[in-house]
Amino acid sequence: MSSTTNSVPYGVQILQKVSDKCPSLNRIIDRENLYKYSVLVLTFITYAAYHASRKPISVVKIVLYQNCSEATTPAPINNTDPDWCNWAPFNAENHSALFGTLDSAFLFAYAIAMFFSGIIAERVNIRIFLTIGMLLSGTACSMFGLAHYYNIHSMWYFIGVQIFGGICQTTGWPGVVTAMGNWFGKGNRGFIFGIWNSHTSIGNIIGTLLASLYVESNWGLSFIVPGIFIIASGILNYLFLVVHPSDINSDTHLNEKVQNGHKDEVKEKTEGSPILSHLNGSPKKAVGFIGAIKIPGVIEFSMCLFFAKLVSYTFLYWLPNYIKYSSDYSPSQSADLSTLFDVGGIFGGIAAGIFSDMFGKSACTCAVMLFLAIPSLYAYNLLSSVNLIVNIALLVIAGGLVNGPYALITTAVSAELGTHSSLKGNSKALSTVTSIIDGTGSIGAAVGPLLAAYISNLFGWTSVFYMLMGSNVLAILLLTRLVKRELQNVG
């Protein structure tokens with residue numbers, strides 16, 4: 001599986017030519033590690049950008065429909081329109097259902113397309129796949145904001161943009177997990193992926209803060225600025241992302257080392273490294289959908305993620321709205337406060353990875369965190385309005401416990417299952433397994449915000465929290481067989 005110059009990104013080719021002219025620089029820099037950790041950084045930025053472009057809708061909901069008598073922006077002079085502060089068609093009494101429809105249009109499109117995206121990703125150049133997906137995702141995000149400038153009020157326009165955006169966003173997860181899985185072996189995978197997966201929370205925070213800057217003055221920019229961010233990140237990937245070690249460890253590169261008297265060292269490194277061992281083997285066919293779901297644990301973790309992601313995405317899309325509903329904060333203040341849930345998610349994802357590595361029990365780690373999340377959700381609903389300090393503390397705790405299992409399943413667990421021993425060394429299942437697990441979880445992510453919209457409107461927010469706690473119970477039950485198997489393997 002030798003590489004050609006065409007598989008090396010243009011930016012990397014330029015850097016290689018510069019370094020080749022500086023022999024002293026070559027002696028200092030370990031190229032392989034440089035490429036390896038550049039993948040870590042670039043994929044981190046990539047998925048942070050994907051999530052930043054998903055977040056504005058949850059912030060802008062607050063101003064698309066609000067109580068005009070309490071709006072923070074003063075009414076226009078001689079204004080006679082009672083809905084002057086709202087944006088049609090979201091000025092209707094069923095505005096919650098309309099927002100739920102928008103969320104579901106994006107998330108169902110994302111969930112369905114994800115099953116196909118992973119299969120496609122196994123068969124194409126991942127760097128080009130990611131670049132095109134990011135350019136289109138940025139376009140979709142910006143199109144929602146352009147409605148503000150072109151005075152668009154068609155519900156079908158907004159639904160169409162959401163569906164288009166949902167499909168484009170599916171390019172992200174299979175692409176970045178495959179790139180990471182290609183470069184990082186199994187040692188401390190949970191810890192590495194736990195830190196790396198903080199891109200989700202960082203992206204949510206970036207998207208929220210960018211959107212909140214403009215939400216009360218020009219909500220169109222709340223979408224356009226994150227859209228530009230993901231487009232710029234896509235161009236960065238196109239220029240510098242080295243998806244696979246074989247892209248730079250070509251036969252030519254290896255021969256250069258052999259000529260320098262390092263034949264034995266190269267052979268040993270190639271045969272012993274989990275990163276480079278594939279260079280010696282013959283290319284293997286991509287694993288199909290049926291073959292991927294037969295891998296032990298894929299179905300259980302997929303269904304568990306359905307409910308875990310249902311809870312996480314309900315917070316992602318409705319938390320700023322809930323904070324404003326349960327307090328007297330402004331739209332921008334509510335959005336800023338909601339970022340603390342994602343701050344907790346950063347620590348939760350890292351903690352889940354550490355415990356998984358320490359004990360070698362991913363299912364048990366997820367089950368314990370899911371169980372502890374139940375009382376944290378109950379406490380947040382009951383006590384969040386006491387004062388700001390209590391609200392902050394409970395948000396961070398709930399964010400860590402809700403997002404920890406979600407982060408572990410979508411990263412380290414997916415990478416582990418995608419390189420399962422039953423595949424007999426075939427690494428071609430990674431994108432497919434990732435897409436199956438994340439696609440199933442994304443169906444739950446689509447269901448959660450939609451249920452929250454209708455339940456909050458009919459029965460109130462307390463009922464929404466009971467729904468979220470029930471979802472965690474079901475997620476735990478789905479892991480029962482895997483937890484039992486892990487406990488039986490103790491000692």
# chains A, B, ... in the order shown; residues from 1 in each chain; ligands from 1
>>> residues_around(residues="A:Met469", least_positions_apart="6", cutoff="10 Å", atoms="only C-alpha atoms", output="list of chain:residue names")
A:Phe307, A:Val311, A:Leu370, A:Phe371, A:Ala373, A:Ile374, A:Pro375, A:Ser376, A:Leu377, A:Tyr378, A:Ser463, A:Ala475
>>> residues_around(residues="A:Gly145", least_positions_apart="5", cutoff="6 Å", atoms="only C-alpha atoms", output="list in words")
Gly220, Phe223 and Ile224 of chain A
>>> write_last_selection(atoms="N, CA, C and O atoms", output="PDB file, in the first residue's frame")
ATOM      1  N   GLY A 220     -28.460  36.949  12.243  1.00  0.00           N
ATOM      2  CA  GLY A 220     -27.937  36.344  11.024  1.00  0.00           C
ATOM      3  C   GLY A 220     -26.456  36.038  11.145  1.00  0.00           C
ATOM      4  O   GLY A 220     -25.971  34.986  10.700  1.00  0.00           O
ATOM      5  N   PHE A 223     -25.098  32.778  12.742  1.00  0.00           N
ATOM      6  CA  PHE A 223     -24.909  31.596  11.901  1.00  0.00           C
ATOM      7  C   PHE A 223     -23.743  31.780  10.914  1.00  0.00           C
ATOM      8  O   PHE A 223     -22.986  30.849  10.661  1.00  0.00           O
ATOM      9  N   ILE A 224     -23.616  32.964  10.373  1.00  0.00           N
ATOM     10  CA  ILE A 224     -22.628  33.197   9.319  1.00  0.00           C
ATOM     11  C   ILE A 224     -21.199  33.092   9.846  1.00  0.00           C
ATOM     12  O   ILE A 224     -20.319  32.495   9.197  1.00  0.00           O
TER      13      ILE A 224
END
>>> closest_residue(among="A:Ala363, A:Val473, A:Ala232, A:Leu450", to="A:Ile45", atoms="only C-alpha atoms")
A:Ala232
>>> residues_around(residues="A:Ile132", least_positions_apart="6", cutoff="12 Å", atoms="only C-alpha atoms", output="number ranges by chain")
A: 125-126, 138-139, 168-172, 175, 230-238
>>> select_by_dssp(residues="stretch 353-477 of chain A", states="alpha helix (DSSP H)", output="NGL selection string")
:A and (353-359 or 362-383 or 388-408 or 414-418 or 430-458 or 461-477)
>>> residues_around(residues="A:Ala211", least_positions_apart="6", cutoff="10 Å", atoms="only C-alpha atoms", output="PyMOL selection string")
chain A and resi 52-53+55-60+205+218-226+332+335-336
>>> write_last_selection(atoms="N, CA and C atoms", output="PDB file, in the first residue's frame")
ATOM      1  N   ALA A  52     -19.367  23.752  16.475  1.00  0.00           N
ATOM      2  CA  ALA A  52     -19.620  25.193  16.581  1.00  0.00           C
ATOM      3  C   ALA A  52     -20.707  25.625  15.598  1.00  0.00           C
ATOM      4  N   SER A  53     -20.750  24.979  14.432  1.00  0.00           N
ATOM      5  CA  SER A  53     -21.753  25.347  13.427  1.00  0.00           C
ATOM      6  C   SER A  53     -23.127  24.731  13.713  1.00  0.00           C
ATOM      7  N   LYS A  55     -24.404  24.729  16.894  1.00  0.00           N
ATOM      8  CA  LYS A  55     -24.884  25.325  18.134  1.00  0.00           C
ATOM      9  C   LYS A  55     -25.751  26.576  17.977  1.00  0.00           C
ATOM     10  N   PRO A  56     -25.554  27.428  16.956  1.00  0.00           N
ATOM     11  CA  PRO A  56     -26.289  28.695  16.905  1.00  0.00           C
ATOM     12  C   PRO A  56     -27.805  28.573  17.006  1.00  0.00           C
ATOM     13  N   ILE A  57     -28.396  27.522  16.455  1.00  0.00           N
ATOM     14  CA  ILE A  57     -29.853  27.411  16.470  1.00  0.00           C
ATOM     15  C   ILE A  57     -30.397  27.410  17.887  1.00  0.00           C
ATOM     16  N   SER A  58     -29.672  26.775  18.831  1.00  0.00           N
ATOM     17  CA  SER A  58     -30.163  26.716  20.208  1.00  0.00           C
ATOM     18  C   SER A  58     -30.124  28.086  20.871  1.00  0.00           C
ATOM     19  N   VAL A  59     -29.207  28.940  20.437  1.00  0.00           N
ATOM     20  CA  VAL A  59     -29.092  30.292  20.988  1.00  0.00           C
ATOM     21  C   VAL A  59     -30.121  31.226  20.349  1.00  0.00           C
ATOM     22  N   VAL A  60     -30.268  31.126  19.034  1.00  0.00           N
ATOM     23  CA  VAL A  60     -31.125  32.055  18.297  1.00  0.00           C
ATOM     24  C   VAL A  60     -32.609  31.783  18.533  1.00  0.00           C
ATOM     25  N   ILE A 205     -19.015  25.319  22.989  1.00  0.00           N
ATOM     26  CA  ILE A 205     -18.740  26.585  23.686  1.00  0.00           C
ATOM     27  C   ILE A 205     -18.421  27.695  22.687  1.00  0.00           C
ATOM     28  N   ASN A 218     -27.969  41.137  15.689  1.00  0.00           N
ATOM     29  CA  ASN A 218     -28.079  40.683  14.302  1.00  0.00           C
ATOM     30  C   ASN A 218     -27.919  39.172  14.283  1.00  0.00           C
ATOM     31  N   TRP A 219     -29.020  38.452  14.480  1.00  0.00           N
ATOM     32  CA  TRP A 219     -28.917  36.997  14.641  1.00  0.00           C
ATOM     33  C   TRP A 219     -28.424  36.293  13.374  1.00  0.00           C
ATOM     34  N   GLY A 220     -28.460  36.949  12.243  1.00  0.00           N
ATOM     35  CA  GLY A 220     -27.937  36.344  11.024  1.00  0.00           C
ATOM     36  C   GLY A 220     -26.456  36.038  11.145  1.00  0.00           C
ATOM     37  N   LEU A 221     -25.709  36.944  11.793  1.00  0.00           N
ATOM     38  CA  LEU A 221     -24.280  36.723  11.995  1.00  0.00           C
ATOM     39  C   LEU A 221     -24.012  35.596  12.975  1.00  0.00           C
ATOM     40  N   SER A 222     -25.000  35.264  13.805  1.00  0.00           N
ATOM     41  CA  SER A 222     -24.838  34.141  14.740  1.00  0.00           C
ATOM     42  C   SER A 222     -24.634  32.835  13.990  1.00  0.00           C
ATOM     43  N   PHE A 223     -25.098  32.778  12.742  1.00  0.00           N
ATOM     44  CA  PHE A 223     -24.909  31.596  11.901  1.00  0.00           C
ATOM     45  C   PHE A 223     -23.743  31.780  10.914  1.00  0.00           C
ATOM     46  N   ILE A 224     -23.616  32.964  10.373  1.00  0.00           N
ATOM     47  CA  ILE A 224     -22.628  33.197   9.319  1.00  0.00           C
ATOM     48  C   ILE A 224     -21.199  33.092   9.846  1.00  0.00           C
ATOM     49  N   VAL A 225     -20.939  33.631  11.036  1.00  0.00           N
ATOM     50  CA  VAL A 225     -19.580  33.592  11.582  1.00  0.00           C
ATOM     51  C   VAL A 225     -19.128  32.150  11.866  1.00  0.00           C
ATOM     52  N   PRO A 226     -19.938  31.303  12.561  1.00  0.00           N
ATOM     53  CA  PRO A 226     -19.544  29.889  12.701  1.00  0.00           C
ATOM     54  C   PRO A 226     -19.419  29.178  11.352  1.00  0.00           C
ATOM     55  N   SER A 332     -28.533  36.467  25.805  1.00  0.00           N
ATOM     56  CA  SER A 332     -27.084  36.252  25.720  1.00  0.00           C
ATOM     57  C   SER A 332     -26.525  35.684  27.021  1.00  0.00           C
ATOM     58  N   ALA A 335     -27.365  31.999  27.146  1.00  0.00           N
ATOM     59  CA  ALA A 335     -26.490  31.248  26.239  1.00  0.00           C
ATOM     60  C   ALA A 335     -25.106  31.058  26.859  1.00  0.00           C
ATOM     61  N   ASP A 336     -24.562  32.126  27.437  1.00  0.00           N
ATOM     62  CA  ASP A 336     -23.230  32.038  28.055  1.00  0.00           C
ATOM     63  C   ASP A 336     -23.226  31.056  29.221  1.00  0.00           C
TER      64      ASP A 336
END
>>> atom_distance(atom1="atom CA of A:Tyr214", atom2="atom CA of A:Val396")
25.2 Å
>>> residues_around(residues="A:Ser198", least_positions_apart="2", cutoff="8 Å", atoms="only C-alpha atoms", output="JSON, numbers by chain")
{"A": [194, 195, 196, 200, 201, 202, 345, 346, 349, 350]}
>>> atom_distance(atom1="atom CA of A:Ala453", atom2="atom CA of A:Leu102")
10.7 Å
>>> atom_distance(atom1="atom CA of A:His153", atom2="atom CA of A:Trp87")
7.4 Å
>>> residues_around(residues="A:Ile293", least_positions_apart="6", cutoff="9 Å", atoms="only C-alpha atoms", output="ChimeraX atom specification")
/A:299,433,436
>>> write_last_selection(atoms="C-alpha atoms", output="PDB file, in the first residue's frame")
ATOM      1  CA  ILE A 299     -25.331  -3.424  18.738  1.00  0.00           C
ATOM      2  CA  VAL A 433     -18.484   0.820  12.739  1.00  0.00           C
ATOM      3  CA  ILE A 436     -23.293   2.619  12.723  1.00  0.00           C
TER       4      ILE A 436
END
